[in-house]
$ cat final28.txt   # compact mmCIF, C-alpha atoms
# COMPACT_ATOMS: atom_id res chain seq x y z
CA MET A 1 9.08 -73.97 16.98
CA ILE A 2 8.01 -76.86 14.79
CA ASN A 3 5.79 -76.38 11.74
CA LYS A 4 3.24 -78.55 9.97
CA ASP A 5 5.52 -79.34 7.00
CA VAL A 6 8.23 -80.80 9.25
CA VAL A 7 5.66 -83.00 11.03
CA LYS A 8 4.11 -84.05 7.73
CA ALA A 9 7.50 -85.00 6.26
CA ALA A 10 8.31 -87.15 9.32
CA VAL A 11 4.90 -88.85 9.13
CA GLU A 12 5.37 -89.51 5.39
CA GLU A 13 8.75 -91.11 6.16
CA TRP A 14 7.07 -93.59 8.54
CA LEU A 15 4.18 -94.16 6.13
CA SER A 16 6.56 -95.03 3.27
CA GLN A 17 7.61 -98.12 5.25
CA ASN A 18 4.02 -99.13 6.05
CA GLU A 19 0.77 -99.62 4.15
CA TYR A 20 -0.98 -96.65 5.75
CA PHE A 21 -1.76 -93.31 4.16
CA LEU A 22 -1.95 -89.82 5.64
CA VAL A 23 -5.37 -88.25 6.00
CA ASP A 24 -4.57 -85.07 7.92
CA VAL A 25 -2.08 -83.24 10.12
CA GLU A 26 -3.55 -80.48 12.25
CA MET A 27 -1.75 -78.17 14.63
CA THR A 28 -4.30 -76.70 17.03
CA PRO A 29 -4.07 -73.33 18.81
CA ASP A 30 -4.17 -75.13 22.18
CA GLY A 31 -0.82 -76.84 21.49
CA ARG A 32 -1.82 -80.20 20.04
CA ILE A 33 -0.57 -81.95 16.91
CA VAL A 34 -3.33 -84.24 15.65
CA ILE A 35 -2.36 -86.80 13.01
CA GLU A 36 -4.96 -88.93 11.24
CA ILE A 37 -3.90 -92.00 9.28
CA ASP A 38 -5.92 -94.67 7.52
CA HIS A 39 -5.51 -98.10 5.95
CA THR A 40 -7.59 -100.20 3.58
CA ASP A 41 -8.21 -102.75 6.35
CA GLY A 42 -8.57 -100.27 9.21
CA VAL A 43 -6.11 -98.82 11.70
CA TRP A 44 -4.57 -100.74 14.59
CA ILE A 45 -3.83 -98.99 17.89
CA GLU A 46 -0.37 -100.61 17.97
CA ASP A 47 0.52 -98.90 14.70
CA CYS A 48 -0.68 -95.51 16.02
CA ALA A 49 1.57 -96.03 19.05
CA GLU A 50 4.47 -97.03 16.79
CA LEU A 51 4.05 -93.88 14.68
CA SER A 52 3.84 -91.76 17.82
CA ARG A 53 7.09 -93.25 19.16
CA PHE A 54 8.75 -92.78 15.76
CA LEU A 55 7.76 -89.10 15.70
CA GLN A 56 8.95 -88.53 19.26
CA GLU A 57 12.32 -90.08 18.40
CA LYS A 58 12.60 -88.31 15.04
CA LEU A 59 11.46 -84.86 16.13
CA GLY A 60 12.46 -85.04 19.79
CA GLU A 61 12.87 -81.59 21.29
CA GLU A 62 11.36 -79.94 18.20
CA LEU A 63 7.98 -81.10 19.47
CA GLY A 64 8.53 -78.83 22.45
CA ASP A 65 5.36 -78.27 24.43
CA TYR A 66 3.07 -79.78 21.81
CA GLU A 67 0.88 -82.72 22.77
CA LEU A 68 1.01 -85.42 20.08
CA GLU A 69 -2.15 -87.35 19.11
CA VAL A 70 -2.03 -90.11 16.50
CA GLY A 71 -5.23 -91.84 15.47
CA SER A 72 -7.39 -93.11 12.65
CA ALA A 73 -9.69 -91.09 10.47
CA GLY A 74 -13.01 -91.46 12.28
CA ILE A 75 -15.60 -93.74 10.80
CA GLY A 76 -18.54 -91.70 9.61
CA GLN A 77 -16.38 -88.60 9.25
CA PRO A 78 -16.17 -86.76 5.90
CA PHE A 79 -13.52 -87.98 3.49
CA LYS A 80 -10.47 -85.73 3.32
CA VAL A 81 -8.25 -87.51 0.78
CA VAL A 82 -8.83 -89.40 -2.48
CA GLN A 83 -7.57 -92.69 -1.03
CA GLN A 84 -10.54 -92.70 1.35
CA TYR A 85 -12.89 -92.56 -1.64
CA ARG A 86 -11.03 -95.43 -3.29
CA ASN A 87 -11.16 -97.54 -0.12
CA HIS A 88 -14.95 -97.19 0.00
CA VAL A 89 -15.81 -98.13 -3.59
CA GLY A 90 -18.70 -100.59 -3.43
CA LYS A 91 -19.89 -99.27 -0.08
CA GLU A 92 -22.76 -97.00 0.87
CA VAL A 93 -21.91 -93.30 1.19
CA GLU A 94 -23.72 -90.07 1.89
CA VAL A 95 -23.00 -86.99 -0.22
CA LEU A 96 -24.04 -83.49 0.82
CA GLY A 97 -24.14 -81.17 -2.14
CA LEU A 98 -23.47 -77.46 -2.05
CA ASP A 99 -27.23 -77.01 -2.49
CA GLY A 100 -27.77 -78.69 0.90
CA LYS A 101 -29.32 -81.81 -0.63
CA LYS A 102 -28.18 -85.14 0.84
CA GLN A 103 -28.02 -88.21 -1.34
CA GLN A 104 -27.21 -91.76 -0.34
CA GLY A 105 -26.04 -94.56 -2.54
CA ILE A 106 -23.28 -96.95 -3.45
CA LEU A 107 -19.92 -95.42 -4.35
CA LYS A 108 -19.38 -96.95 -7.78
CA GLU A 109 -16.08 -95.46 -8.95
CA VAL A 110 -13.52 -92.71 -8.49
CA SER A 111 -11.88 -91.02 -11.45
CA GLU A 112 -8.21 -91.75 -12.03
CA ASP A 113 -7.24 -88.16 -11.18
CA GLY A 114 -9.41 -88.27 -8.03
CA GLN A 115 -11.37 -85.16 -9.01
CA SER A 116 -14.75 -86.85 -9.45
CA PHE A 117 -16.68 -89.89 -8.31
CA VAL A 118 -19.84 -91.76 -9.24
CA VAL A 119 -22.55 -92.82 -6.80
CA THR A 120 -25.47 -95.08 -7.71
CA VAL A 121 -28.55 -93.58 -6.06
CA LYS A 122 -32.21 -94.58 -6.09
CA GLU A 123 -34.58 -91.98 -7.53
CA LYS A 124 -38.27 -91.89 -8.18
CA GLN A 125 -38.95 -91.47 -11.88
CA LYS A 126 -42.19 -91.35 -13.82
CA GLN A 127 -42.36 -94.21 -16.27
CA GLU A 128 -44.66 -94.57 -19.21
CA GLY A 129 -47.67 -96.71 -18.46
CA LYS A 130 -47.28 -96.41 -14.70
CA LYS A 131 -49.52 -94.25 -12.52
CA ARG A 132 -46.94 -93.64 -9.83
CA PRO A 133 -43.22 -92.90 -10.01
CA VAL A 134 -40.98 -95.97 -9.74
CA LEU A 135 -37.67 -96.24 -7.86
CA VAL A 136 -34.81 -96.70 -10.30
CA GLU A 137 -31.05 -96.77 -9.86
CA VAL A 138 -29.25 -93.82 -11.41
CA ASP A 139 -25.50 -93.14 -11.60
CA LYS A 140 -24.67 -89.59 -10.50
CA THR A 141 -21.28 -88.02 -11.04
CA PHE A 142 -20.00 -85.59 -8.42
CA ILE A 143 -16.99 -83.28 -8.50
CA VAL A 144 -14.99 -83.57 -5.25
CA GLY A 145 -14.61 -79.80 -4.85
CA GLU A 146 -18.30 -79.21 -5.51
CA VAL A 147 -19.72 -81.14 -2.54
CA LYS A 148 -19.74 -80.13 1.10
CA TYR A 149 -18.82 -83.64 2.15
CA THR A 150 -18.84 -87.32 1.32
CA LYS A 151 -18.72 -89.89 4.08
CA TYR A 152 -19.09 -93.60 4.64
CA LEU A 153 -22.62 -94.39 5.70
CA LEU A 154 -22.47 -96.71 8.66
CA THR A 155 -25.49 -99.01 8.68
CA PHE A 156 -26.58 -101.68 11.12
CA LYS A 157 -28.52 -104.34 9.24
$ encode --input "final28.txt" --output "C-alpha cells"
Amino acid sequence: MINKDVVKAAVEEWLSQNEYFLVDVEMTPDGRIVIEIDHTDGVWIEDCAELSRFLQEKLGEELGDYELEVGSAGIGQPFKVVQQYRNHVGKEVEVLGLDGKKQQGILKEVSEDGQSFVVTVKEKQKQEGKKRPVLVEVDKTFIVGEVKYTKYLLTFK
C-alpha cells in the first residue's frame, strides 16, 4: 500500500526538473490520489499528463488500485501554499477572517517567512471637515494561520 509521503517525494522529484510547485497531495477514501500543482504562468495540460506518466513509471505497481488525478490548483480556490500568495502579489484577493468578515483588496506583499501578508483595502473613514465618511486605501496585515481563507478574486471587467 502506497502512502502520501512516497507520492509526495516522487512528485517533488519531477517538480525539481520543472518550474512548477506542489500545492497539495490528497489521498481520498474512495481510492483516488489527487495532485495539485501550480506555476507562475499557469498550468498546461501537457505538463499534467507528463507528471502523471512520470508517476506511473516511477511508482508503477505501488499505485495499486488507486486512480491518479493530476491537475492545477483551481482558480478562485483558497490558497494552500505560500508560493500561491507570492504569485498573486499585485492582484485582487478576497480574505475571509476568522470573525467571518470578508475583505477584498490588492495583495501588496508577503512576508519573507510567508507567515503574513498585506492587502490594500478600501475603507470608509470619517475625515475632518467632511460630513460623510470618505473611501480611503488602507494597508491591512493578516497572519496566514489567522484567516479562514485567501483566494484570488476573479473579476470580469
$ closest_residue --input "final28.txt" --among "A:Gln56, A:Thr141, A:Gln84, A:Gln77" --to "A:Ser111" --atoms "all atoms listed in the file"
A:Thr141
$ residues_around --input "final28.txt" --residues "A:Leu153" --least-positions-apart "2" --cutoff "9 Å" --atoms "only C-alpha atoms" --output "ChimeraX atom specification"
/A:75-76,91-94,104-105,151,155
$ residues_around --input "final28.txt" --residues "A:Val34" --least-positions-apart "2" --cutoff "10 Å" --atoms "only C-alpha atoms" --output "ChimeraX atom specification"
/A:24-28,31-32,36,66-71
$ atom_distance --input "final28.txt" --atom1 "atom CA of A:Gln17" --atom2 "atom CA of A:Val110"
25.8 Å
$ closest_residue --input "final28.txt" --among "A:Val43, A:Val119, A:Ile106, A:Ala9" --to "A:Phe142" --atoms "only C-alpha atoms"
A:Val119
$ decode --input "final28.txt" --residues "stretch 100-112 of chain A" --atoms "all heavy atoms" --output "short mmCIF file (atom, residue, chain, number, x, y, z; two decimals), in the first residue's frame"
data_model
loop_
_atom_site.label_atom_id
_atom_site.label_comp_id
_atom_site.auth_asym_id
_atom_site.auth_seq_id
_atom_site.Cartn_x
_atom_site.Cartn_y
_atom_site.Cartn_z
N GLY A 100 -15.42 35.93 10.32
CA GLY A 100 -16.44 35.80 9.29
C GLY A 100 -16.55 37.01 8.38
O GLY A 100 -17.38 37.04 7.47
N LYS A 101 -15.69 38.00 8.57
CA LYS A 101 -15.73 39.22 7.77
C LYS A 101 -14.85 39.05 6.52
O LYS A 101 -13.68 38.72 6.62
CB LYS A 101 -15.24 40.40 8.60
CG LYS A 101 -15.35 41.72 7.89
CD LYS A 101 -14.91 42.87 8.78
CE LYS A 101 -14.95 44.18 8.03
NZ LYS A 101 -14.40 45.29 8.79
N LYS A 102 -15.46 39.31 5.36
CA LYS A 102 -14.73 39.24 4.09
C LYS A 102 -14.20 40.62 3.75
O LYS A 102 -14.88 41.62 3.93
CB LYS A 102 -15.64 38.80 2.94
CG LYS A 102 -15.97 37.34 2.94
CD LYS A 102 -16.79 37.00 1.71
CE LYS A 102 -17.21 35.55 1.76
NZ LYS A 102 -18.08 35.20 0.61
N GLN A 103 -12.98 40.63 3.23
CA GLN A 103 -12.38 41.88 2.78
C GLN A 103 -11.74 41.62 1.42
O GLN A 103 -11.14 40.57 1.20
CB GLN A 103 -11.34 42.38 3.77
CG GLN A 103 -11.97 42.70 5.12
CD GLN A 103 -11.00 43.38 6.04
OE1 GLN A 103 -10.38 44.37 5.67
NE2 GLN A 103 -10.86 42.85 7.24
N GLN A 104 -11.87 42.60 0.54
CA GLN A 104 -11.29 42.49 -0.78
C GLN A 104 -10.30 43.63 -0.98
O GLN A 104 -10.53 44.74 -0.50
CB GLN A 104 -12.38 42.57 -1.85
CG GLN A 104 -13.36 41.43 -1.78
CD GLN A 104 -14.49 41.59 -2.79
OE1 GLN A 104 -14.61 42.61 -3.45
NE2 GLN A 104 -15.32 40.57 -2.88
N GLY A 105 -9.24 43.32 -1.68
CA GLY A 105 -8.25 44.35 -1.96
C GLY A 105 -7.11 43.78 -2.78
O GLY A 105 -7.15 42.64 -3.23
N ILE A 106 -6.10 44.60 -2.94
CA ILE A 106 -4.92 44.21 -3.72
C ILE A 106 -3.86 43.63 -2.79
O ILE A 106 -3.49 44.25 -1.79
CB ILE A 106 -4.33 45.42 -4.48
CG1 ILE A 106 -5.40 46.08 -5.36
CG2 ILE A 106 -3.10 45.02 -5.29
CD1 ILE A 106 -5.95 45.20 -6.45
N LEU A 107 -3.42 42.41 -3.11
CA LEU A 107 -2.36 41.78 -2.34
C LEU A 107 -1.07 42.56 -2.60
O LEU A 107 -0.57 42.59 -3.72
CB LEU A 107 -2.20 40.31 -2.73
CG LEU A 107 -1.15 39.49 -2.01
CD1 LEU A 107 -1.37 39.49 -0.50
CD2 LEU A 107 -1.13 38.07 -2.53
N LYS A 108 -0.59 43.22 -1.57
CA LYS A 108 0.54 44.14 -1.71
C LYS A 108 1.88 43.43 -1.52
O LYS A 108 2.83 43.66 -2.27
CB LYS A 108 0.40 45.28 -0.71
CG LYS A 108 1.42 46.37 -0.86
CD LYS A 108 1.11 47.52 0.07
CE LYS A 108 2.11 48.64 -0.10
NZ LYS A 108 1.78 49.77 0.78
N GLU A 109 1.97 42.60 -0.49
CA GLU A 109 3.24 41.92 -0.21
C GLU A 109 3.02 40.70 0.68
O GLU A 109 1.99 40.58 1.35
CB GLU A 109 4.24 42.86 0.44
CG GLU A 109 3.82 43.37 1.81
CD GLU A 109 4.77 44.41 2.38
OE1 GLU A 109 4.91 45.48 1.78
OE2 GLU A 109 5.36 44.11 3.44
N VAL A 110 4.02 39.83 0.66
CA VAL A 110 4.03 38.63 1.50
C VAL A 110 5.34 38.67 2.27
O VAL A 110 6.39 38.95 1.69
CB VAL A 110 3.97 37.34 0.64
CG1 VAL A 110 3.97 36.11 1.52
CG2 VAL A 110 2.74 37.37 -0.26
N SER A 111 5.28 38.39 3.56
CA SER A 111 6.49 38.43 4.37
C SER A 111 7.49 37.39 3.86
O SER A 111 7.11 36.39 3.24
CB SER A 111 6.18 38.19 5.85
OG SER A 111 5.71 36.86 6.03
N GLU A 112 8.74 37.62 4.15
CA GLU A 112 9.79 36.71 3.69
C GLU A 112 9.59 35.29 4.21
O GLU A 112 9.82 34.32 3.50
CB GLU A 112 11.16 37.25 4.13
CG GLU A 112 12.27 36.73 3.26
CD GLU A 112 13.57 37.48 3.47
OE1 GLU A 112 13.59 38.71 3.27
OE2 GLU A 112 14.55 36.82 3.84
#
